[in-house]
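Trainee: The structure's right below; bear with me while I get my questions together.
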Amino acid sequence: LPVVRLVRVGGLAVLLAIAVALPYVLSVDRSLKSSAVLIYALLGLSVVVVTGWAGQVSLGQVALFAVGAAVGAKATSAWDLDLLLALLVGGIAAAVAAVAIGLPALRLRGLELAVIALAAAIAVTSWLLNDRFFAWVPNGRRVERPDLLGRIDISSATAIHPVSLALLVLGLLALRGIRSSRTGRALLATRDNERGAQAYGLSPLRVRLTGFALSGGIAGVAGAMFAHHQQSFGTQPYEPGQNLSM
């Protein structure tokens, strides 16, 4: 019905307008919390892909979040990359890490997979991203926010909020497109009927690895954004226990 379509579009427009206006009516600390919620919502989308679409219980999303944060922070602080490029590099690094974890882990199912993913998360946060073992990890160092596209100043709490919102909206639009594509249909088909999907020529392992890589890429982008939101790379937000919170 036209009225239903009007209410749907109008409601989304009102919500978007409220989200855009929030940083201008909130205090600085509440504005930062609001933008952090948007970044964690983007991380939540990665869980939608790996658990909702691929049907795999993973307790390793925060490790991929941490990989994206570390690589993204390094990209701007040491390599002088633009923030958008840093987000892309962080996403790619986390997608590669997700495939590396998924190759052995996806041979298992259910709680066994969850335990393996959690063990990988502990290894990533305790060893791979520990500056005691690897000097490149930016632990305890301040992460500066570079100008977006070399021109737009995002150093303030008000400025970082619309960037976080835009990133979440882009993530939602991208996943909506993927959901209706062959990749999305293959993920759902493998989740619902693995043998039926195989009968149509789909490789369950390849399909699930694709889901892991997509999920890891989204988590990595969220992590890179979070490191610049916090302007530091600490250990507390990436502890293995945070996987249960997610």
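Lettering and numbering for the structure tokens are positional, with chains as A, B, ... in the shown order, residues counted from 1 in each chain, and ligands counted from 1 in the shown order.
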Run DSSP on the backbone of this structure and report the residues of stretch 16-176 of chain A it assigns to alpha helix (DSSP H), as a PyMOL selection string.
Mentor: chain A and resi 16-25+28-47+61-77+83-105+110-123+157-176
Trainee: Could you list, as a PDB file with N, CA, C and O atoms, in the first residue's frame, every residue within 12 Å of A:Val115, counting only C-alpha atoms and ignoring same-chain residues fewer than 3 positions away?
Mentor:
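Printed below is result_39.pdb as written:
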ATOM      1  N   GLN A  56      26.949 -20.225  11.666  1.00  0.00           N
ATOM      2  CA  GLN A  56      28.098 -20.693  12.452  1.00  0.00           C
ATOM      3  C   GLN A  56      28.215 -19.872  13.733  1.00  0.00           C
ATOM      4  O   GLN A  56      28.199 -18.641  13.685  1.00  0.00           O
ATOM      5  N   VAL A  57      28.347 -20.551  14.857  1.00  0.00           N
ATOM      6  CA  VAL A  57      28.521 -19.860  16.136  1.00  0.00           C
ATOM      7  C   VAL A  57      29.999 -19.545  16.310  1.00  0.00           C
ATOM      8  O   VAL A  57      30.828 -20.442  16.467  1.00  0.00           O
ATOM      9  N   SER A  58      30.321 -18.272  16.258  1.00  0.00           N
ATOM     10  CA  SER A  58      31.723 -17.847  16.368  1.00  0.00           C
ATOM     11  C   SER A  58      31.907 -16.977  17.604  1.00  0.00           C
ATOM     12  O   SER A  58      31.128 -16.053  17.835  1.00  0.00           O
ATOM     13  N   LEU A  59      32.928 -17.282  18.382  1.00  0.00           N
ATOM     14  CA  LEU A  59      33.281 -16.455  19.538  1.00  0.00           C
ATOM     15  C   LEU A  59      34.630 -15.775  19.293  1.00  0.00           C
ATOM     16  O   LEU A  59      35.399 -15.557  20.230  1.00  0.00           O
ATOM     17  N   GLY A  60      34.896 -15.452  18.026  1.00  0.00           N
ATOM     18  CA  GLY A  60      36.172 -14.835  17.698  1.00  0.00           C
ATOM     19  C   GLY A  60      36.049 -13.485  17.024  1.00  0.00           C
ATOM     20  O   GLY A  60      37.029 -12.965  16.501  1.00  0.00           O
ATOM     21  N   ILE A 101      41.643 -18.412  10.360  1.00  0.00           N
ATOM     22  CA  ILE A 101      40.988 -19.106  11.477  1.00  0.00           C
ATOM     23  C   ILE A 101      39.956 -20.106  10.957  1.00  0.00           C
ATOM     24  O   ILE A 101      39.813 -21.213  11.470  1.00  0.00           O
ATOM     25  N   ALA A 105      38.954 -24.390  11.392  1.00  0.00           N
ATOM     26  CA  ALA A 105      37.831 -24.413  12.340  1.00  0.00           C
ATOM     27  C   ALA A 105      36.524 -24.829  11.689  1.00  0.00           C
ATOM     28  O   ALA A 105      35.681 -25.463  12.336  1.00  0.00           O
ATOM     29  N   LEU A 106      36.316 -24.499  10.417  1.00  0.00           N
ATOM     30  CA  LEU A 106      35.038 -24.772   9.772  1.00  0.00           C
ATOM     31  C   LEU A 106      34.812 -26.254   9.470  1.00  0.00           C
ATOM     32  O   LEU A 106      33.751 -26.623   8.981  1.00  0.00           O
ATOM     33  N   LEU A 108      34.618 -28.193  11.811  1.00  0.00           N
ATOM     34  CA  LEU A 108      33.842 -28.559  12.994  1.00  0.00           C
ATOM     35  C   LEU A 108      32.477 -27.874  12.937  1.00  0.00           C
ATOM     36  O   LEU A 108      32.220 -27.051  12.075  1.00  0.00           O
ATOM     37  N   ARG A 109      31.609 -28.181  13.886  1.00  0.00           N
ATOM     38  CA  ARG A 109      30.261 -27.641  13.904  1.00  0.00           C
ATOM     39  C   ARG A 109      29.886 -27.219  15.322  1.00  0.00           C
ATOM     40  O   ARG A 109      30.450 -27.687  16.298  1.00  0.00           O
ATOM     41  N   GLY A 110      28.917 -26.304  15.395  1.00  0.00           N
ATOM     42  CA  GLY A 110      28.291 -25.942  16.658  1.00  0.00           C
ATOM     43  C   GLY A 110      29.257 -25.445  17.719  1.00  0.00           C
ATOM     44  O   GLY A 110      30.097 -24.574  17.465  1.00  0.00           O
ATOM     45  N   LEU A 111      29.144 -26.039  18.928  1.00  0.00           N
ATOM     46  CA  LEU A 111      29.947 -25.562  20.048  1.00  0.00           C
ATOM     47  C   LEU A 111      31.431 -25.830  19.848  1.00  0.00           C
ATOM     48  O   LEU A 111      32.273 -25.095  20.377  1.00  0.00           O
ATOM     49  N   GLU A 112      31.784 -26.887  19.106  1.00  0.00           N
ATOM     50  CA  GLU A 112      33.201 -27.155  18.834  1.00  0.00           C
ATOM     51  C   GLU A 112      33.814 -26.002  18.048  1.00  0.00           C
ATOM     52  O   GLU A 112      34.933 -25.558  18.342  1.00  0.00           O
ATOM     53  N   LEU A 118      37.060 -19.194  19.900  1.00  0.00           N
ATOM     54  CA  LEU A 118      37.442 -18.505  21.142  1.00  0.00           C
ATOM     55  C   LEU A 118      38.923 -18.709  21.439  1.00  0.00           C
ATOM     56  O   LEU A 118      39.615 -17.779  21.872  1.00  0.00           O
ATOM     57  N   ALA A 119      39.426 -19.933  21.207  1.00  0.00           N
ATOM     58  CA  ALA A 119      40.858 -20.196  21.411  1.00  0.00           C
ATOM     59  C   ALA A 119      41.702 -19.334  20.470  1.00  0.00           C
ATOM     60  O   ALA A 119      42.745 -18.790  20.864  1.00  0.00           O
ATOM     61  N   ALA A 120      41.250 -19.188  19.223  1.00  0.00           N
ATOM     62  CA  ALA A 120      41.965 -18.330  18.274  1.00  0.00           C
ATOM     63  C   ALA A 120      41.935 -16.884  18.735  1.00  0.00           C
ATOM     64  O   ALA A 120      42.924 -16.152  18.600  1.00  0.00           O
ATOM     65  N   ALA A 121      40.790 -16.452  19.294  1.00  0.00           N
ATOM     66  CA  ALA A 121      40.688 -15.084  19.801  1.00  0.00           C
ATOM     67  C   ALA A 121      41.673 -14.835  20.941  1.00  0.00           C
ATOM     68  O   ALA A 121      42.305 -13.775  21.026  1.00  0.00           O
ATOM     69  N   ILE A 122      41.816 -15.832  21.821  1.00  0.00           N
ATOM     70  CA  ILE A 122      42.780 -15.693  22.927  1.00  0.00           C
ATOM     71  C   ILE A 122      44.204 -15.604  22.381  1.00  0.00           C
ATOM     72  O   ILE A 122      45.011 -14.795  22.849  1.00  0.00           O
ATOM     73  N   PRO A 240      39.276 -11.450  25.271  1.00  0.00           N
ATOM     74  CA  PRO A 240      38.438 -12.561  24.785  1.00  0.00           C
ATOM     75  C   PRO A 240      37.045 -12.597  25.387  1.00  0.00           C
ATOM     76  O   PRO A 240      36.082 -12.998  24.727  1.00  0.00           O
ATOM     77  N   ASN A 243      33.915 -11.264  23.535  1.00  0.00           N
ATOM     78  CA  ASN A 243      33.204 -12.052  22.519  1.00  0.00           C
ATOM     79  C   ASN A 243      31.828 -12.479  23.037  1.00  0.00           C
ATOM     80  O   ASN A 243      30.868 -12.531  22.271  1.00  0.00           O
ATOM     81  N   LEU A 244      31.745 -12.805  24.312  1.00  0.00           N
ATOM     82  CA  LEU A 244      30.469 -13.207  24.880  1.00  0.00           C
ATOM     83  C   LEU A 244      29.508 -12.022  24.928  1.00  0.00           C
ATOM     84  O   LEU A 244      28.302 -12.174  24.702  1.00  0.00           O
TER      85      LEU A 244
END
Trainee: At a cut-off of 6 Å, using only C-alpha atoms, what residues contact A:Gly68? Leave out same-chain residues fewer than 3 positions from it and give the result as an MDAnalysis selection string.
Mentor: chainID A and resid 65 71:72 90:91 94 220 223:224
Trainee: Got a sec: who's within 12 Å of stretch 157-162 of chain A, counting only C-alpha atoms, leaving out chain neighbours fewer than 5 positions off, as JSON, numbers by chain?
Mentor: {"A": [16, 17, 18, 19, 20, 21, 22, 23, 24, 25, 26, 27, 28, 29, 30, 31, 32, 33, 34, 35, 36, 37, 38, 39, 83, 145, 146, 147, 148, 152, 167, 168, 169, 225, 226, 227, 228, 229, 230, 231]}
Trainee: Have a look at A:Val143, A:Val163, A:Ala100, A:Val207 and name the one nearest to A:Asp80; count only C-alpha atoms.
Mentor: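 Selected residue with least distance to A:Asp80: A:Val143.
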Trainee: Name all residues at most 9 Å from A:Gln61 (count only C-alpha atoms; drop same-chain ones fewer than 6 positions away) and give them as JSON, numbers by chain.
Mentor: {"A": [43, 46, 47, 98, 117, 118, 121, 215, 216, 219, 243, 246]}
Trainee: Would you work out the distance separating atom CA of A:Trp79 from atom CA of A:Ala213, expressed in Å to one decimal?
Mentor: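 Here the two named atoms are 24.6 Å from each other.
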Trainee: Hey, which bits of stretch 143-230 of chain A sit within 7 Å of stretch 51-55 of chain A, and for each residue what's the closest pair of atoms and how far apart in Å (one decimal), counting only C-alpha atoms, rows by chain and increasing number, as a tab-separated table?
Mentor:
residue	atom	partner	partner_atom	distance
A:Leu187	CA	A:Ala54	CA	5.2
A:Leu188	CA	A:Trp53	CA	5.5
A:Arg191	CA	A:Gly55	CA	5.4
A:Arg208	CA	A:Ala54	CA	6.2
A:Gly211	CA	A:Ala54	CA	6.1
Trainee: Would you mind exporting the chosen residues as a JSON list (two decimals), in the first residue's frame, restricted to N, CA, C and O atoms?
Mentor:
[["chain", "number", "residue", "atom", "x", "y", "z"],
["A", 187, "LEU", "N", 24.86, -18.63, 1.04],
["A", 187, "LEU", "CA", 25.08, -18.74, 2.49],
["A", 187, "LEU", "C", 23.83, -19.30, 3.17],
["A", 187, "LEU", "O", 23.92, -20.21, 4.02],
["A", 188, "LEU", "N", 22.66, -18.77, 2.83],
["A", 188, "LEU", "CA", 21.42, -19.22, 3.45],
["A", 188, "LEU", "C", 21.10, -20.67, 3.05],
["A", 188, "LEU", "O", 20.61, -21.45, 3.87],
["A", 191, "ARG", "N", 23.33, -22.98, 4.96],
["A", 191, "ARG", "CA", 22.90, -23.02, 6.37],
["A", 191, "ARG", "C", 21.67, -23.92, 6.54],
["A", 191, "ARG", "O", 21.60, -24.73, 7.48],
["A", 208, "ARG", "N", 31.16, -21.12, 3.38],
["A", 208, "ARG", "CA", 31.33, -20.67, 4.76],
["A", 208, "ARG", "C", 32.58, -19.80, 4.91],
["A", 208, "ARG", "O", 32.59, -18.85, 5.68],
["A", 211, "GLY", "N", 31.64, -16.44, 3.90],
["A", 211, "GLY", "CA", 30.94, -15.78, 5.00],
["A", 211, "GLY", "C", 31.88, -15.31, 6.09],
["A", 211, "GLY", "O", 31.74, -14.19, 6.61]]
Trainee: Which residues are close to A:Pro138, i.e. within 8 Å by only C-alpha atoms, leaving aside same-chain residues fewer than 3 positions away? Reply as a VMD selection string.
Mentor: chain A and resid 70 73 to 74 131 135 141 233
Trainee: Hey, can you spit out that residue selection with all heavy atoms as a compact mmCIF listing (two decimals), in the first residue's frame?
Mentor:
# COMPACT_ATOMS: atom_id res chain seq x y z
N ALA A 70 44.31 -2.66 15.22
CA ALA A 70 45.77 -2.55 15.25
C ALA A 70 46.33 -2.14 13.88
O ALA A 70 47.16 -1.23 13.78
CB ALA A 70 46.38 -3.88 15.69
N ALA A 73 45.21 1.48 12.99
CA ALA A 73 45.98 2.48 13.74
C ALA A 73 47.40 2.60 13.19
O ALA A 73 47.95 3.71 13.08
CB ALA A 73 46.01 2.10 15.22
N LYS A 74 48.00 1.47 12.85
CA LYS A 74 49.35 1.49 12.27
C LYS A 74 49.36 2.20 10.92
O LYS A 74 50.31 2.92 10.59
CB LYS A 74 49.84 0.05 12.11
CG LYS A 74 51.31 -0.08 11.72
CD LYS A 74 52.22 0.30 12.85
CE LYS A 74 53.68 0.03 12.52
NZ LYS A 74 54.57 0.39 13.63
N ASP A 131 52.40 -6.22 22.28
CA ASP A 131 53.64 -5.51 21.94
C ASP A 131 54.86 -6.08 22.64
O ASP A 131 56.00 -5.71 22.32
CB ASP A 131 53.51 -4.02 22.24
CG ASP A 131 53.18 -3.73 23.69
OD1 ASP A 131 52.95 -4.69 24.46
OD2 ASP A 131 53.14 -2.55 24.06
N ALA A 135 56.89 -5.72 17.89
CA ALA A 135 57.13 -4.29 18.12
C ALA A 135 56.19 -3.40 17.32
O ALA A 135 56.01 -2.23 17.65
CB ALA A 135 58.58 -3.96 17.75
N ARG A 141 49.96 3.67 22.55
CA ARG A 141 50.36 4.86 21.80
C ARG A 141 49.13 5.63 21.35
O ARG A 141 48.10 5.04 21.02
CB ARG A 141 51.21 4.47 20.59
CG ARG A 141 52.46 3.69 20.96
CD ARG A 141 53.14 3.16 19.73
NE ARG A 141 54.22 2.23 20.07
CZ ARG A 141 54.86 1.47 19.21
NH1 ARG A 141 54.54 1.52 17.93
NH2 ARG A 141 55.82 0.65 19.60
N PHE A 233 45.12 2.53 21.16
CA PHE A 233 44.91 1.09 21.00
C PHE A 233 45.26 0.43 22.32
O PHE A 233 46.41 0.13 22.62
CB PHE A 233 45.81 0.53 19.87
CG PHE A 233 45.62 -0.95 19.65
CD1 PHE A 233 44.56 -1.41 18.89
CD2 PHE A 233 46.50 -1.87 20.19
CE1 PHE A 233 44.38 -2.77 18.69
CE2 PHE A 233 46.33 -3.23 19.99
CZ PHE A 233 45.26 -3.67 19.23
